[in-house]
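See below for input13.txt, which holds compact mmCIF, C-alpha atoms.
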```txt
# COMPACT_ATOMS: atom_id res chain seq x y z
CA MET A 1 161.32 85.90 171.22
CA ILE A 2 160.29 84.88 167.76
CA GLY A 3 159.09 87.59 165.36
CA LEU A 4 155.82 86.72 163.64
CA ASN A 5 153.98 89.42 161.69
CA GLU A 6 154.70 93.11 162.16
CA GLY A 7 153.97 93.95 165.79
CA GLU A 8 153.57 90.32 166.84
CA TRP A 9 156.03 88.17 168.77
CA ARG A 10 155.92 84.78 170.40
CA ILE A 11 157.71 84.16 173.64
CA GLU A 12 158.60 80.56 174.44
CA VAL A 13 159.92 79.42 177.81
CA PHE A 14 161.83 76.15 178.17
CA ALA A 15 163.00 74.23 181.21
CA GLU A 16 165.50 71.46 181.69
CA THR A 17 165.81 69.27 184.74
CA VAL A 18 168.55 66.86 185.65
CA ASP A 19 166.64 63.75 184.65
CA LYS A 20 164.52 65.03 181.71
CA PRO A 21 165.21 66.64 178.34
CA ILE A 22 164.45 70.29 177.59
CA THR A 23 160.68 70.84 177.53
CA LYS A 24 158.66 73.86 176.45
CA ILE A 25 156.56 74.89 179.44
CA PHE A 26 155.00 78.12 178.21
CA GLU A 27 154.20 79.88 174.95
CA TYR A 28 152.42 83.18 174.44
CA ASN A 29 151.85 85.57 171.53
CA LEU A 30 152.45 89.25 172.26
CA ILE A 31 151.06 92.13 170.21
CA SER A 32 152.16 95.77 170.10
CA GLU A 33 150.68 98.86 168.52
CA LYS A 34 152.06 100.55 165.39
CA SER A 35 153.18 103.65 167.34
CA GLN A 36 155.15 101.39 169.67
CA LEU A 37 156.90 99.79 166.69
CA GLU A 38 158.08 103.22 165.56
CA TYR A 39 159.46 103.81 169.06
CA LEU A 40 161.17 100.41 168.94
CA ALA A 41 162.71 101.18 165.52
CA ASN A 42 164.29 104.30 167.07
CA GLY A 43 166.01 102.31 169.83
CA GLY A 44 163.18 102.28 172.37
CA THR A 45 161.92 99.35 174.41
CA ILE A 46 158.48 97.80 174.54
CA PHE A 47 157.39 96.27 177.86
CA PHE A 48 154.64 93.68 178.27
CA ASP A 49 152.87 93.71 181.62
CA TRP A 50 150.50 91.02 182.82
CA ALA A 51 146.98 92.38 183.33
CA PRO A 52 145.18 89.74 185.42
CA ASN A 53 141.80 91.43 185.02
CA LEU A 54 142.16 91.05 181.24
CA GLY A 55 143.91 87.68 181.34
CA ASN A 56 146.40 89.08 178.87
CA TYR A 57 149.67 90.95 178.50
CA VAL A 58 149.40 94.69 177.77
CA SER A 59 152.17 96.44 175.85
CA ARG A 60 153.61 99.81 176.85
CA ILE A 61 156.66 101.96 176.26
CA ASP A 62 158.58 103.68 179.04
CA ASP A 63 162.11 104.99 178.97
CA TYR A 64 162.21 105.64 182.74
CA GLY A 65 164.02 108.89 182.00
CA ILE A 66 167.06 107.06 180.65
CA ASP A 67 169.04 109.02 178.08
CA GLN A 68 169.48 106.73 175.05
CA THR A 69 173.08 107.97 174.65
CA ASP A 70 173.90 106.83 178.18
CA LEU A 71 172.23 103.50 177.53
CA ASN A 72 174.29 102.98 174.36
CA ASN A 73 177.48 103.73 176.31
CA ILE A 74 176.57 101.17 178.96
CA THR A 75 175.79 98.40 176.45
CA SER A 76 178.77 98.92 174.14
```

Written form, structure tokens:
Amino acid sequence: MIGLNEGEWRIEVFAETVDKPITKIFEYNLISEKSQLEYLANGGTIFFDWAPNLGNYVSRIDDYGIDQTDLNNITS
């Protein structure tokens, strides 16, 4: 993901086949709310779910009950 302005990111998806060079096949700008950025700054995660009725990605936070200490132990 590429950071743009505060709370904005761009996701770019690339593909490479055997007989062709790497090609960008998808690009989308994602936006999150200020409260979600505070959560992110404290080690949280922001998820973006596709909402077909809106034709857009919707941001949300959810820790799924995971203790951040346990998560840090797993990733270190």

Requested in this report: Give the answer as one residue: which of A:Asn29, A:Thr17, A:Ser35, A:Asn5 has the shortest atom-to-atom distance to A:Ile61, using all atoms listed in the file?
Outcome: A:Ser35

**Report entry** Who sits within 12 Å of A:Lys34, only C-alpha atoms, same chain under 4 positions skipped, as a list of chain:residue names
**Finding:**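 Returned residues: A:Asn5, A:Glu6, A:Gly7, A:Glu8, A:Glu38, A:Tyr39, A:Leu40, A:Ala41, A:Ile46, A:Ser59, A:Arg60, A:Ile61.
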
How would the residues just chosen look if you wrote them out with C-alpha atoms as an mmCIF file, in the coordinates of the input?
```cif
data_model
loop_
_atom_site.group_PDB
_atom_site.id
_atom_site.type_symbol
_atom_site.label_atom_id
_atom_site.label_comp_id
_atom_site.auth_asym_id
_atom_site.auth_seq_id
_atom_site.Cartn_x
_atom_site.Cartn_y
_atom_site.Cartn_z
ATOM 1 C CA ASN A 5 153.980 89.420 161.690
ATOM 2 C CA GLU A 6 154.700 93.110 162.160
ATOM 3 C CA GLY A 7 153.970 93.950 165.790
ATOM 4 C CA GLU A 8 153.570 90.320 166.840
ATOM 5 C CA GLU A 38 158.080 103.220 165.560
ATOM 6 C CA TYR A 39 159.460 103.810 169.060
ATOM 7 C CA LEU A 40 161.170 100.410 168.940
ATOM 8 C CA ALA A 41 162.710 101.180 165.520
ATOM 9 C CA ILE A 46 158.480 97.800 174.540
ATOM 10 C CA SER A 59 152.170 96.440 175.850
ATOM 11 C CA ARG A 60 153.610 99.810 176.850
ATOM 12 C CA ILE A 61 156.660 101.960 176.260
#
```

So that all listed atoms of stretch 13-19 of chain A fit with 6 Å spare on each side, what axis-aligned box centre and edge lengths in Å, to one decimal, would you give as AutoDock Vina command-line options?
```
--center_x 164.2 --center_y 71.6 --center_z 181.7 --size_x 20.6 --size_y 27.7 --size_z 19.8
```

**Report entry** Gap from atom CA of A:Gly43 to atom CA of A:Leu30 - Å, one decimal
**Finding:**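 That distance, rounded to one decimal, is 19.0 Å.
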
Query - Point-to-point distance from atom CA of A:Ile31 to atom CA of A:Asn56, Å rounded to tenths - result: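 Atom CA of A:Asn56 lies at a distance of 10.3 Å from atom CA of A:Ile31.
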
Report summary line: Correct to one decimal, the distance atom CA of A:Val58-atom CA of A:Ser32 is 8.2 Å
